[in-house]
$ cat data.cif   # mmCIF, C-alpha atoms and all ligand atoms
data_work
#
loop_
_atom_site.group_PDB
_atom_site.id
_atom_site.type_symbol
_atom_site.label_atom_id
_atom_site.label_comp_id
_atom_site.auth_asym_id
_atom_site.auth_seq_id
_atom_site.Cartn_x
_atom_site.Cartn_y
_atom_site.Cartn_z
ATOM 1 C CA MET A 17 -30.636 -243.614 -73.058
ATOM 2 C CA LYS A 18 -28.049 -241.867 -70.907
ATOM 3 C CA ASP A 19 -28.371 -242.705 -67.225
ATOM 4 C CA LEU A 20 -29.432 -239.362 -65.812
ATOM 5 C CA PHE A 21 -28.682 -240.395 -62.230
ATOM 6 C CA ASN A 22 -25.227 -241.880 -62.793
ATOM 7 C CA LEU A 23 -22.447 -240.104 -60.839
ATOM 8 C CA GLU A 24 -19.489 -242.239 -61.940
ATOM 9 C CA GLY A 25 -16.431 -240.075 -62.592
ATOM 10 C CA LYS A 26 -17.730 -237.265 -60.361
ATOM 11 C CA VAL A 27 -16.202 -235.991 -57.123
ATOM 12 C CA ALA A 28 -18.354 -234.616 -54.283
ATOM 13 C CA ILE A 29 -17.335 -232.743 -51.152
ATOM 14 C CA ILE A 30 -19.821 -233.191 -48.304
ATOM 15 C CA THR A 31 -19.238 -230.971 -45.281
ATOM 16 C CA GLY A 32 -20.246 -232.741 -42.091
ATOM 17 C CA GLY A 33 -20.397 -235.954 -44.133
ATOM 18 C CA ASN A 34 -19.175 -238.151 -41.282
ATOM 19 C CA GLY A 35 -22.570 -238.571 -39.586
ATOM 20 C CA GLY A 36 -26.287 -237.854 -39.623
ATOM 21 C CA ILE A 37 -27.837 -236.391 -42.772
ATOM 22 C CA GLY A 38 -24.413 -235.730 -44.321
ATOM 23 C CA LYS A 39 -23.459 -239.399 -44.053
ATOM 24 C CA GLY A 40 -26.809 -240.387 -45.566
ATOM 25 C CA ILE A 41 -26.093 -238.076 -48.499
ATOM 26 C CA ALA A 42 -22.502 -239.346 -48.819
ATOM 27 C CA ASP A 43 -23.817 -242.943 -48.921
ATOM 28 C CA GLY A 44 -26.366 -241.959 -51.537
ATOM 29 C CA LEU A 45 -23.925 -240.219 -53.859
ATOM 30 C CA ALA A 46 -21.447 -243.095 -53.451
ATOM 31 C CA SER A 47 -24.177 -245.592 -54.338
ATOM 32 C CA ALA A 48 -24.510 -243.728 -57.661
ATOM 33 C CA GLY A 49 -20.759 -244.144 -58.291
ATOM 34 C CA CYS A 50 -19.482 -240.792 -57.031
ATOM 35 C CA ASP A 51 -16.078 -240.417 -55.360
ATOM 36 C CA ILE A 52 -16.504 -238.810 -51.952
ATOM 37 C CA VAL A 53 -14.653 -236.222 -49.870
ATOM 38 C CA ILE A 54 -15.882 -236.120 -46.288
ATOM 39 C CA ALA A 55 -14.993 -232.735 -44.761
ATOM 40 C CA ALA A 56 -15.490 -232.464 -41.002
ATOM 41 C CA ARG A 57 -13.622 -231.910 -37.713
ATOM 42 C CA ASN A 58 -13.846 -235.204 -35.809
ATOM 43 C CA GLU A 59 -11.100 -237.249 -37.450
ATOM 44 C CA ASP A 60 -12.030 -240.613 -35.907
ATOM 45 C CA LYS A 61 -15.636 -240.265 -36.955
ATOM 46 C CA THR A 62 -14.549 -239.208 -40.445
ATOM 47 C CA ALA A 63 -12.170 -242.183 -40.762
ATOM 48 C CA ARG A 64 -14.934 -244.602 -39.735
ATOM 49 C CA ALA A 65 -17.394 -243.093 -42.208
ATOM 50 C CA ALA A 66 -14.820 -243.160 -45.015
ATOM 51 C CA GLN A 67 -14.020 -246.817 -44.386
ATOM 52 C CA ASP A 68 -17.693 -247.734 -44.329
ATOM 53 C CA ILE A 69 -18.371 -246.003 -47.656
ATOM 54 C CA LYS A 70 -15.339 -247.583 -49.327
ATOM 55 C CA GLU A 71 -16.376 -251.062 -48.210
ATOM 56 C CA ARG A 72 -20.032 -250.738 -49.130
ATOM 57 C CA PHE A 73 -19.790 -248.877 -52.432
ATOM 58 C CA GLY A 74 -16.242 -249.424 -53.760
ATOM 59 C CA VAL A 75 -15.710 -245.758 -54.627
ATOM 60 C CA ARG A 76 -12.691 -243.632 -53.696
ATOM 61 C CA VAL A 77 -13.179 -241.789 -50.396
ATOM 62 C CA LEU A 78 -11.016 -239.110 -48.808
ATOM 63 C CA GLY A 79 -11.511 -237.744 -45.308
ATOM 64 C CA VAL A 80 -10.280 -234.188 -44.793
ATOM 65 C CA ASN A 81 -10.076 -232.319 -41.535
ATOM 66 C CA MET A 82 -12.102 -229.160 -42.170
ATOM 67 C CA ASP A 83 -13.634 -226.577 -39.863
ATOM 68 C CA VAL A 84 -16.038 -224.596 -42.036
ATOM 69 C CA SER A 85 -16.003 -221.689 -39.587
ATOM 70 C CA ARG A 86 -12.409 -221.020 -40.685
ATOM 71 C CA GLU A 87 -11.534 -219.761 -44.138
ATOM 72 C CA ASP A 88 -7.998 -221.182 -44.040
ATOM 73 C CA SER A 89 -9.331 -224.607 -43.103
ATOM 74 C CA ILE A 90 -11.784 -224.566 -46.022
ATOM 75 C CA GLN A 91 -9.039 -223.536 -48.430
ATOM 76 C CA ALA A 92 -6.731 -226.279 -47.164
ATOM 77 C CA GLY A 93 -9.478 -228.916 -47.289
ATOM 78 C CA VAL A 94 -10.528 -228.107 -50.847
ATOM 79 C CA ALA A 95 -6.869 -228.022 -51.931
ATOM 80 C CA ARG A 96 -6.394 -231.478 -50.407
ATOM 81 C CA ALA A 97 -9.419 -232.787 -52.297
ATOM 82 C CA VAL A 98 -8.073 -231.393 -55.556
ATOM 83 C CA SER A 99 -4.603 -232.820 -54.986
ATOM 84 C CA GLU A 100 -6.158 -236.243 -54.394
ATOM 85 C CA PHE A 101 -8.905 -236.295 -57.048
ATOM 86 C CA GLY A 102 -7.995 -233.438 -59.401
ATOM 87 C CA LYS A 103 -11.436 -231.813 -59.410
ATOM 88 C CA VAL A 104 -14.663 -231.066 -57.537
ATOM 89 C CA ASN A 105 -17.995 -231.505 -59.329
ATOM 90 C CA ILE A 106 -20.449 -231.455 -56.413
ATOM 91 C CA LEU A 107 -20.523 -229.566 -53.105
ATOM 92 C CA VAL A 108 -22.986 -230.397 -50.343
ATOM 93 C CA ASN A 109 -23.066 -227.653 -47.695
ATOM 94 C CA ASN A 110 -24.380 -229.773 -44.840
ATOM 95 C CA ALA A 111 -22.258 -228.892 -41.765
ATOM 96 C CA GLY A 112 -24.499 -227.320 -39.154
ATOM 97 C CA VAL A 113 -24.707 -226.515 -35.458
ATOM 98 C CA ASN A 114 -27.355 -225.204 -33.101
ATOM 99 C CA ILE A 115 -27.766 -223.715 -29.631
ATOM 100 C CA ARG A 116 -31.265 -223.673 -28.200
ATOM 101 C CA HIS A 117 -32.544 -221.092 -25.750
ATOM 102 C CA GLN A 118 -34.554 -217.883 -25.506
ATOM 103 C CA PRO A 119 -33.499 -215.042 -27.874
ATOM 104 C CA GLU A 120 -32.695 -212.683 -24.993
ATOM 105 C CA GLU A 121 -30.108 -215.142 -23.648
ATOM 106 C CA TYR A 122 -27.874 -215.311 -26.735
ATOM 107 C CA THR A 123 -24.337 -213.973 -26.531
ATOM 108 C CA VAL A 124 -22.484 -212.419 -29.445
ATOM 109 C CA GLU A 125 -20.140 -215.400 -29.428
ATOM 110 C CA GLU A 126 -23.071 -217.812 -29.806
ATOM 111 C CA TRP A 127 -24.533 -215.761 -32.660
ATOM 112 C CA ASP A 128 -21.179 -215.675 -34.452
ATOM 113 C CA TRP A 129 -20.491 -219.385 -34.007
ATOM 114 C CA ILE A 130 -23.829 -220.541 -35.396
ATOM 115 C CA MET A 131 -23.783 -218.062 -38.272
ATOM 116 C CA ASN A 132 -20.154 -218.773 -39.116
ATOM 117 C CA VAL A 133 -20.632 -222.526 -39.316
ATOM 118 C CA ASN A 134 -24.087 -222.703 -40.885
ATOM 119 C CA LEU A 135 -24.104 -219.721 -43.244
ATOM 120 C CA ARG A 136 -20.693 -218.144 -43.736
ATOM 121 C CA GLY A 137 -19.114 -221.603 -43.990
ATOM 122 C CA ALA A 138 -21.517 -222.560 -46.778
ATOM 123 C CA PHE A 139 -20.746 -219.352 -48.646
ATOM 124 C CA LEU A 140 -16.991 -219.763 -48.275
ATOM 125 C CA CYS A 141 -17.097 -223.399 -49.402
ATOM 126 C CA ALA A 142 -19.122 -222.415 -52.472
ATOM 127 C CA ARG A 143 -16.724 -219.559 -53.222
ATOM 128 C CA GLU A 144 -13.777 -221.942 -52.923
ATOM 129 C CA VAL A 145 -15.125 -224.578 -55.313
ATOM 130 C CA TYR A 146 -16.564 -222.120 -57.839
ATOM 131 C CA PRO A 147 -13.411 -221.748 -59.975
ATOM 132 C CA LEU A 148 -13.010 -225.529 -60.047
ATOM 133 C CA MET A 149 -16.580 -226.074 -61.183
ATOM 134 C CA LYS A 150 -16.296 -223.304 -63.733
ATOM 135 C CA ALA A 151 -13.120 -224.843 -65.151
ATOM 136 C CA ALA A 152 -14.849 -228.237 -65.309
ATOM 137 C CA GLY A 153 -17.709 -226.774 -67.363
ATOM 138 C CA GLY A 154 -20.326 -226.949 -64.601
ATOM 139 C CA GLY A 155 -21.201 -228.277 -61.198
ATOM 140 C CA LYS A 156 -23.828 -228.842 -58.535
ATOM 141 C CA ILE A 157 -24.146 -227.182 -55.135
ATOM 142 C CA ILE A 158 -26.657 -228.483 -52.598
ATOM 143 C CA ASN A 159 -27.283 -226.379 -49.493
ATOM 144 C CA ILE A 160 -28.960 -227.938 -46.477
ATOM 145 C CA GLY A 161 -31.611 -225.682 -44.983
ATOM 146 C CA SER A 162 -34.311 -226.591 -42.483
ATOM 147 C CA MET A 163 -37.991 -226.126 -41.689
ATOM 148 C CA THR A 164 -36.686 -222.947 -40.009
ATOM 149 C CA SER A 165 -35.855 -221.741 -43.522
ATOM 150 C CA LEU A 166 -39.645 -221.374 -43.721
ATOM 151 C CA PHE A 167 -40.819 -220.811 -40.134
ATOM 152 C CA GLY A 168 -39.465 -219.116 -37.041
ATOM 153 C CA LEU A 169 -38.867 -221.222 -33.941
ATOM 154 C CA ALA A 170 -38.847 -219.486 -30.547
ATOM 155 C CA LYS A 171 -35.836 -221.154 -28.977
ATOM 156 C CA VAL A 172 -33.581 -221.315 -32.040
ATOM 157 C CA PRO A 173 -33.656 -217.769 -33.453
ATOM 158 C CA VAL A 174 -30.036 -217.674 -34.609
ATOM 159 C CA TYR A 175 -30.121 -221.101 -36.239
ATOM 160 C CA ALA A 176 -33.396 -220.113 -37.914
ATOM 161 C CA CYS A 177 -31.808 -216.921 -39.295
ATOM 162 C CA SER A 178 -28.899 -218.921 -40.668
ATOM 163 C CA LYS A 179 -31.217 -221.422 -42.343
ATOM 164 C CA ALA A 180 -33.567 -218.786 -43.780
ATOM 165 C CA ALA A 181 -30.506 -217.071 -45.222
ATOM 166 C CA MET A 182 -29.386 -220.377 -46.774
ATOM 167 C CA VAL A 183 -32.381 -220.144 -49.086
ATOM 168 C CA SER A 184 -31.459 -216.609 -50.072
ATOM 169 C CA LEU A 185 -27.849 -217.660 -50.622
ATOM 170 C CA THR A 186 -29.059 -220.550 -52.766
ATOM 171 C CA SER A 187 -31.066 -218.211 -55.009
ATOM 172 C CA SER A 188 -28.290 -215.657 -55.393
ATOM 173 C CA LEU A 189 -25.564 -218.186 -56.165
ATOM 174 C CA ALA A 190 -27.871 -219.965 -58.598
ATOM 175 C CA LEU A 191 -28.565 -216.741 -60.490
ATOM 176 C CA ALA A 192 -24.926 -215.668 -60.471
ATOM 177 C CA TRP A 193 -23.571 -218.962 -61.713
ATOM 178 C CA THR A 194 -26.113 -220.134 -64.304
ATOM 179 C CA LYS A 195 -23.667 -218.702 -66.860
ATOM 180 C CA ASP A 196 -21.162 -221.314 -65.693
ATOM 181 C CA ASN A 197 -23.629 -224.225 -65.817
ATOM 182 C CA ILE A 198 -23.600 -224.557 -62.027
ATOM 183 C CA GLN A 199 -26.959 -225.489 -60.498
ATOM 184 C CA VAL A 200 -27.487 -224.411 -56.887
ATOM 185 C CA ASN A 201 -30.396 -225.868 -54.919
ATOM 186 C CA ALA A 202 -31.410 -226.406 -51.314
ATOM 187 C CA ILE A 203 -32.829 -229.366 -49.429
ATOM 188 C CA LEU A 204 -34.992 -228.487 -46.435
ATOM 189 C CA PRO A 205 -35.128 -231.380 -43.962
ATOM 190 C CA GLY A 206 -38.042 -231.846 -41.599
ATOM 191 C CA TRP A 207 -37.442 -233.547 -38.255
ATOM 192 C CA ILE A 208 -34.706 -236.130 -38.744
ATOM 193 C CA ASP A 209 -33.369 -238.599 -36.182
ATOM 194 C CA THR A 210 -29.684 -237.602 -35.777
ATOM 195 C CA ASP A 211 -27.307 -236.517 -32.995
ATOM 196 C CA LEU A 212 -28.543 -232.958 -33.452
ATOM 197 C CA THR A 213 -32.170 -233.762 -32.716
ATOM 198 C CA ARG A 214 -31.400 -236.446 -30.100
ATOM 199 C CA SER A 215 -30.030 -233.634 -27.932
ATOM 200 C CA ALA A 216 -33.154 -231.578 -28.653
ATOM 201 C CA ARG A 217 -35.342 -234.481 -27.545
ATOM 202 C CA ARG A 218 -33.425 -234.595 -24.283
ATOM 203 C CA ASP A 219 -33.727 -230.823 -23.760
ATOM 204 C CA PHE A 220 -37.402 -230.512 -24.723
ATOM 205 C CA PRO A 221 -39.730 -233.136 -23.256
ATOM 206 C CA GLY A 222 -42.753 -233.538 -25.517
ATOM 207 C CA LEU A 223 -40.776 -232.894 -28.720
ATOM 208 C CA ASP A 224 -41.143 -236.495 -29.838
ATOM 209 C CA GLU A 225 -44.938 -236.394 -29.498
ATOM 210 C CA PHE A 226 -45.059 -233.014 -31.247
ATOM 211 C CA VAL A 227 -43.027 -234.253 -34.236
ATOM 212 C CA LEU A 228 -45.017 -237.471 -34.594
ATOM 213 C CA SER A 229 -48.376 -235.723 -34.383
ATOM 214 C CA ARG A 230 -47.412 -232.861 -36.678
ATOM 215 C CA THR A 231 -45.620 -234.869 -39.390
ATOM 216 C CA PRO A 232 -48.190 -236.369 -41.790
ATOM 217 C CA VAL A 233 -46.163 -239.521 -42.476
ATOM 218 C CA ARG A 234 -46.129 -240.079 -38.684
ATOM 219 C CA ARG A 235 -42.441 -240.813 -38.200
ATOM 220 C CA TRP A 236 -39.109 -239.048 -37.810
ATOM 221 C CA GLY A 237 -37.016 -238.898 -40.965
ATOM 222 C CA THR A 238 -33.761 -240.839 -41.302
ATOM 223 C CA PRO A 239 -30.486 -239.982 -43.072
ATOM 224 C CA GLU A 240 -31.434 -242.553 -45.726
ATOM 225 C CA ASP A 241 -34.474 -240.448 -46.624
ATOM 226 C CA PHE A 242 -32.074 -237.948 -48.273
ATOM 227 C CA ILE A 243 -30.511 -240.352 -50.748
ATOM 228 C CA GLY A 244 -32.995 -239.815 -53.556
ATOM 229 C CA ALA A 245 -33.123 -236.043 -53.272
ATOM 230 C CA ALA A 246 -29.344 -235.791 -53.113
ATOM 231 C CA ILE A 247 -28.737 -238.005 -56.143
ATOM 232 C CA PHE A 248 -31.343 -236.048 -58.100
ATOM 233 C CA LEU A 249 -29.834 -232.656 -57.267
ATOM 234 C CA ALA A 250 -26.247 -233.879 -57.809
ATOM 235 C CA SER A 251 -26.884 -235.521 -61.186
ATOM 236 C CA ASP A 252 -27.807 -234.607 -64.750
ATOM 237 C CA ALA A 253 -31.417 -235.391 -63.820
ATOM 238 C CA SER A 254 -31.640 -231.871 -62.339
ATOM 239 C CA ASN A 255 -29.837 -229.905 -65.071
ATOM 240 C CA TYR A 256 -32.872 -227.611 -65.598
ATOM 241 C CA VAL A 257 -33.488 -227.223 -61.848
ATOM 242 C CA THR A 258 -31.773 -224.342 -60.086
ATOM 243 C CA ALA A 259 -32.561 -221.925 -57.227
ATOM 244 C CA GLU A 260 -35.067 -224.527 -56.019
ATOM 245 C CA THR A 261 -35.829 -225.663 -52.485
ATOM 246 C CA LEU A 262 -36.861 -229.280 -52.014
ATOM 247 C CA ARG A 263 -38.522 -230.221 -48.743
ATOM 248 C CA VAL A 264 -37.693 -233.692 -47.401
ATOM 249 C CA ASP A 265 -39.969 -233.398 -44.415
ATOM 250 C CA GLY A 266 -42.620 -236.117 -44.469
ATOM 251 C CA GLY A 267 -45.112 -233.326 -45.186
ATOM 252 C CA PHE A 268 -44.250 -231.404 -41.998
ATOM 253 C CA ALA A 269 -44.591 -227.987 -43.639
ATOM 254 C CA GLN A 270 -48.196 -228.863 -44.524
ATOM 255 C CA GLY A 271 -48.773 -230.684 -41.270
ATOM 256 C CA THR A 272 -51.185 -228.324 -39.593
ATOM 257 C CA ASN A 273 -53.771 -228.651 -42.351
ATOM 258 C CA THR A 274 -53.419 -232.406 -42.443
ATOM 259 C CA ILE A 275 -53.780 -232.805 -38.708
ATOM 260 C CA THR A 276 -56.694 -230.380 -38.438
ATOM 261 C CA PHE A 277 -58.764 -232.148 -41.058
ATOM 262 C CA ALA A 278 -57.581 -235.707 -40.608
ATOM 263 C CA VAL A 279 -60.398 -238.208 -40.319
ATOM 264 C CA ASP A 280 -58.383 -241.303 -39.352
HETATM 265 N N1 LIG R 1 -31.668 -233.428 -37.869
HETATM 266 C C1 LIG R 1 -32.632 -232.610 -38.248
HETATM 267 O O1 LIG R 1 -33.803 -232.783 -37.871
HETATM 268 C C2 LIG R 1 -32.320 -231.442 -39.151
HETATM 269 C C3 LIG R 1 -33.402 -230.668 -39.564
HETATM 270 C C4 LIG R 1 -33.166 -229.607 -40.399
HETATM 271 C C5 LIG R 1 -31.893 -229.323 -40.836
HETATM 272 N N2 LIG R 1 -30.847 -230.083 -40.421
HETATM 273 C C6 LIG R 1 -29.519 -229.723 -40.920
HETATM 274 O O2 LIG R 1 -28.895 -230.845 -41.498
HETATM 275 C C7 LIG R 1 -27.480 -230.701 -41.375
HETATM 276 C C8 LIG R 1 -26.912 -231.966 -40.739
HETATM 277 O O3 LIG R 1 -27.441 -232.082 -39.443
HETATM 278 P P1 LIG R 1 -27.590 -233.467 -38.668
HETATM 279 O O4 LIG R 1 -28.947 -233.493 -38.116
HETATM 280 O O5 LIG R 1 -27.137 -234.573 -39.525
HETATM 281 O O6 LIG R 1 -26.630 -233.205 -37.436
HETATM 282 P P2 LIG R 1 -25.319 -233.932 -36.903
HETATM 283 O O7 LIG R 1 -25.496 -235.392 -36.892
HETATM 284 O O8 LIG R 1 -25.003 -233.209 -35.646
HETATM 285 O O9 LIG R 1 -24.245 -233.573 -38.023
HETATM 286 C C9 LIG R 1 -23.661 -232.303 -38.126
HETATM 287 C C10 LIG R 1 -22.388 -232.456 -38.910
HETATM 288 O O10 LIG R 1 -21.784 -231.179 -39.070
HETATM 289 C C11 LIG R 1 -20.402 -231.297 -38.828
HETATM 290 N N3 LIG R 1 -19.893 -230.019 -38.347
HETATM 291 C C12 LIG R 1 -20.315 -229.301 -37.285
HETATM 292 N N4 LIG R 1 -19.574 -228.189 -37.157
HETATM 293 C C13 LIG R 1 -18.670 -228.214 -38.159
HETATM 294 C C14 LIG R 1 -17.630 -227.353 -38.554
HETATM 295 N N5 LIG R 1 -17.354 -226.218 -37.886
HETATM 296 N N6 LIG R 1 -16.898 -227.681 -39.640
HETATM 297 C C15 LIG R 1 -17.145 -228.820 -40.317
HETATM 298 N N7 LIG R 1 -18.126 -229.674 -40.002
HETATM 299 C C16 LIG R 1 -18.871 -229.373 -38.931
HETATM 300 C C17 LIG R 1 -20.264 -232.420 -37.789
HETATM 301 O O11 LIG R 1 -19.032 -233.096 -37.907
HETATM 302 P P3 LIG R 1 -17.778 -232.792 -36.919
HETATM 303 O O12 LIG R 1 -18.333 -232.637 -35.540
HETATM 304 O O13 LIG R 1 -16.868 -233.952 -37.102
HETATM 305 O O14 LIG R 1 -17.170 -231.529 -37.458
HETATM 306 C C18 LIG R 1 -21.399 -233.346 -38.203
HETATM 307 O O15 LIG R 1 -20.969 -234.307 -39.134
HETATM 308 C C19 LIG R 1 -27.247 -229.445 -40.555
HETATM 309 O O16 LIG R 1 -26.985 -228.358 -41.415
HETATM 310 C C20 LIG R 1 -28.567 -229.250 -39.849
HETATM 311 O O17 LIG R 1 -28.799 -227.906 -39.506
HETATM 312 C C21 LIG R 1 -31.036 -231.141 -39.581
#
$ encode --input "data.cif" --output "structure tokens"
Amino acid sequence: MKDLFNLEGKVAIITGGNGGIGKGIADGLASAGCDIVIAARNEDKTARAAQDIKERFGVRVLGVNMDVSREDSIQAGVARAVSEFGKVNILVNNAGVNIRHQPEEYTVEEWDWIMNVNLRGAFLCAREVYPLMKAAGGGKIINIGSMTSLFGLAKVPVYACSKAAMVSLTSSLALAWTKDNIQVNAILPGWIDTDLTRSARRDFPGLDEFVLSRTPVRRWGTPEDFIGAAIFLASDASNYVTAETLRVDGGFAQGTNTITFAVD
């Protein structure tokens, strides 16, 4: 039987793939045989991640300097990937930023920055790879959302808007591009231990206790927790799955019920 989860011969671009969840996903896809393009801004961090993946998984890895808030940078980065590997089969829209404070304190510049990286960048990356995927006879796009795709959060209103819109973008792209055999899905992480949330833990005392008490599996997630979901959504195993959102959250979205009625 064909190995549904095999990614040998495929090429994936992972934005923000040099650390955190993106690196976990890059490791996962590489472990299934996929060649990897890490697209991010910090060149040292990207070079270290690329070296690590090459050594551990023996696949081809290219680091490209890409700022997803800039259209020209996305175009140049995708062109570089194509000149190196000749194609793009998988796109993971993972790059994300956040600023945390009260809604009334946000500036226009802060709104634009968060939206441009998290949402517009994902759209522009998808638009850029679409003709390549179409020419290849299909492809896979994985958008990284958040629990704020489902719930509001008082001190991250702009981030939450961007992540809620990621789900809408996922549905629309999926519907538009079924004709081209491109499946578009979203992963919604719960609370994951990365640089992004380490700063939140510093800024918000009590966050650690909140996450541990509210998450039914009683731990923070790790980048490695995304490997299975990413391989599934990047591989033939998910060919009849599109416009879907997959929570990787340790049950967080159901947490209130679990905590309320827990007997242990
Ligand atoms: N950690 C969580 O609990 C959590 C929960 C829900 C959703 N998420 C989402 O998961 C994704 C990854 O987050 P993370 O927790 O792994 O955070 P992280 O460790 O801070 O990683 C963010 C990545 O995005 C890249 N990035 C930021 N701005 C960029 C830009 N303009 N262009 C290209 N790349 C850019 C960064 O690389 P450079 O700085 O080198 O560019 C970095 O690799 C984000 O979309 C985040 O919103 C995280």
$ closest_atom_pairs --input "data.cif" --of "chain A" --to "ligand LIG 1 (chain R)" --cutoff "7 Å" --atoms "all atoms listed in the file" --output "CSV"
residue,atom,partner,partner_atom,distance
A:Thr31,CA,R:LIG1,N7,5.5
A:Gly32,CA,R:LIG1,O15,3.4
A:Gly33,CA,R:LIG1,O15,5.3
A:Asn34,CA,R:LIG1,O15,4.8
A:Gly35,CA,R:LIG1,O15,4.6
A:Gly36,CA,R:LIG1,O5,3.4
A:Ile37,CA,R:LIG1,O5,3.8
A:Gly38,CA,R:LIG1,O5,5.6
A:Ala55,CA,R:LIG1,C15,6.3
A:Ala56,CA,R:LIG1,N7,4.0
A:Arg57,CA,R:LIG1,O14,3.6
A:Asn58,CA,R:LIG1,O13,3.5
A:Glu59,CA,R:LIG1,O13,6.7
A:Lys61,CA,R:LIG1,O13,6.4
A:Thr62,CA,R:LIG1,O13,6.6
A:Met82,CA,R:LIG1,C15,5.4
A:Asp83,CA,R:LIG1,N6,3.5
A:Val84,CA,R:LIG1,N6,4.0
A:Ser85,CA,R:LIG1,N5,5.0
A:Asn110,CA,R:LIG1,O16,4.5
A:Ala111,CA,R:LIG1,O10,3.6
A:Gly112,CA,R:LIG1,O16,3.5
A:Val113,CA,R:LIG1,C12,5.5
A:Val133,CA,R:LIG1,N5,5.1
A:Asn134,CA,R:LIG1,O16,6.4
A:Ile160,CA,R:LIG1,O16,5.4
A:Gly161,CA,R:LIG1,C5,5.5
A:Ser162,CA,R:LIG1,C4,3.8
A:Met163,CA,R:LIG1,C4,6.1
A:Leu204,CA,R:LIG1,C4,6.4
A:Pro205,CA,R:LIG1,C4,4.4
A:Gly206,CA,R:LIG1,C3,5.2
A:Trp207,CA,R:LIG1,O1,3.7
A:Ile208,CA,R:LIG1,O1,3.6
A:Asp209,CA,R:LIG1,N1,5.7
A:Thr210,CA,R:LIG1,O4,4.8
A:Asp211,CA,R:LIG1,O7,4.4
A:Leu212,CA,R:LIG1,O8,4.2
A:Thr213,CA,R:LIG1,N1,5.2
$ write_last_selection --input "data.cif" --atoms "C-alpha atoms" --output "PDB file, in the coordinates of the input"
ATOM      1  CA  THR A  31     -19.238-230.971 -45.281  1.00  0.00           C
ATOM      2  CA  GLY A  32     -20.246-232.741 -42.091  1.00  0.00           C
ATOM      3  CA  GLY A  33     -20.397-235.954 -44.133  1.00  0.00           C
ATOM      4  CA  ASN A  34     -19.175-238.151 -41.282  1.00  0.00           C
ATOM      5  CA  GLY A  35     -22.570-238.571 -39.586  1.00  0.00           C
ATOM      6  CA  GLY A  36     -26.287-237.854 -39.623  1.00  0.00           C
ATOM      7  CA  ILE A  37     -27.837-236.391 -42.772  1.00  0.00           C
ATOM      8  CA  GLY A  38     -24.413-235.730 -44.321  1.00  0.00           C
ATOM      9  CA  ALA A  55     -14.993-232.735 -44.761  1.00  0.00           C
ATOM     10  CA  ALA A  56     -15.490-232.464 -41.002  1.00  0.00           C
ATOM     11  CA  ARG A  57     -13.622-231.910 -37.713  1.00  0.00           C
ATOM     12  CA  ASN A  58     -13.846-235.204 -35.809  1.00  0.00           C
ATOM     13  CA  GLU A  59     -11.100-237.249 -37.450  1.00  0.00           C
ATOM     14  CA  LYS A  61     -15.636-240.265 -36.955  1.00  0.00           C
ATOM     15  CA  THR A  62     -14.549-239.208 -40.445  1.00  0.00           C
ATOM     16  CA  MET A  82     -12.102-229.160 -42.170  1.00  0.00           C
ATOM     17  CA  ASP A  83     -13.634-226.577 -39.863  1.00  0.00           C
ATOM     18  CA  VAL A  84     -16.038-224.596 -42.036  1.00  0.00           C
ATOM     19  CA  SER A  85     -16.003-221.689 -39.587  1.00  0.00           C
ATOM     20  CA  ASN A 110     -24.380-229.773 -44.840  1.00  0.00           C
ATOM     21  CA  ALA A 111     -22.258-228.892 -41.765  1.00  0.00           C
ATOM     22  CA  GLY A 112     -24.499-227.320 -39.154  1.00  0.00           C
ATOM     23  CA  VAL A 113     -24.707-226.515 -35.458  1.00  0.00           C
ATOM     24  CA  VAL A 133     -20.632-222.526 -39.316  1.00  0.00           C
ATOM     25  CA  ASN A 134     -24.087-222.703 -40.885  1.00  0.00           C
ATOM     26  CA  ILE A 160     -28.960-227.938 -46.477  1.00  0.00           C
ATOM     27  CA  GLY A 161     -31.611-225.682 -44.983  1.00  0.00           C
ATOM     28  CA  SER A 162     -34.311-226.591 -42.483  1.00  0.00           C
ATOM     29  CA  MET A 163     -37.991-226.126 -41.689  1.00  0.00           C
ATOM     30  CA  LEU A 204     -34.992-228.487 -46.435  1.00  0.00           C
ATOM     31  CA  PRO A 205     -35.128-231.380 -43.962  1.00  0.00           C
ATOM     32  CA  GLY A 206     -38.042-231.846 -41.599  1.00  0.00           C
ATOM     33  CA  TRP A 207     -37.442-233.547 -38.255  1.00  0.00           C
ATOM     34  CA  ILE A 208     -34.706-236.130 -38.744  1.00  0.00           C
ATOM     35  CA  ASP A 209     -33.369-238.599 -36.182  1.00  0.00           C
ATOM     36  CA  THR A 210     -29.684-237.602 -35.777  1.00  0.00           C
ATOM     37  CA  ASP A 211     -27.307-236.517 -32.995  1.00  0.00           C
ATOM     38  CA  LEU A 212     -28.543-232.958 -33.452  1.00  0.00           C
ATOM     39  CA  THR A 213     -32.170-233.762 -32.716  1.00  0.00           C
TER      40      THR A 213
END
$ resolve_selection --input "data.cif" --expression "the PyMOL selection byres (((chain A and resi 100-108) around 6) and not hetatm)" --output "number ranges by chain"
A: 26-30, 97-99, 109-110, 149, 155-159
$ atom_distance --input "data.cif" --atom1 "CA of Met182 (chain A)" --atom2 "CA of Tyr146 (chain A)"
17.0 Å
$ residues_around --input "data.cif" --residues "Ser254 (chain A)" --least-positions-apart "6" --cutoff "10 Å" --atoms "all atoms listed in the file" --output "list in words"
Leu20, Phe21, Lys156, Gln199, Asn201, Ile247 and Phe248 of chain A
$ resolve_selection --input "data.cif" --expression "the PyMOL selection byres (((chain A and resi 47-53) around 6) and not hetatm)" --output "JSON, numbers by chain"
{"A": [22, 23, 24, 26, 27, 28, 29, 44, 45, 46, 54, 73, 75, 76, 77, 78, 79]}
$ atom_distance --input "data.cif" --atom1 "CA of Asp196 (chain A)" --atom2 "CA of Ala138 (chain A)"
19.0 Å
$ resolve_selection --input "data.cif" --expression "the PyMOL selection byres (((chain A and resi 269) around 12) and not hetatm)" --output "list in words"
Ser162, Met163, Thr164, Ser165, Leu166, Phe167, Leu204, Pro205, Gly206, Trp207, Val227, Arg230, Thr231, Pro232, Val233, Leu262, Arg263, Val264, Asp265, Gly266, Gly267, Phe268, Gln270, Gly271, Thr272, Asn273, Thr274 and Ile275 of chain A
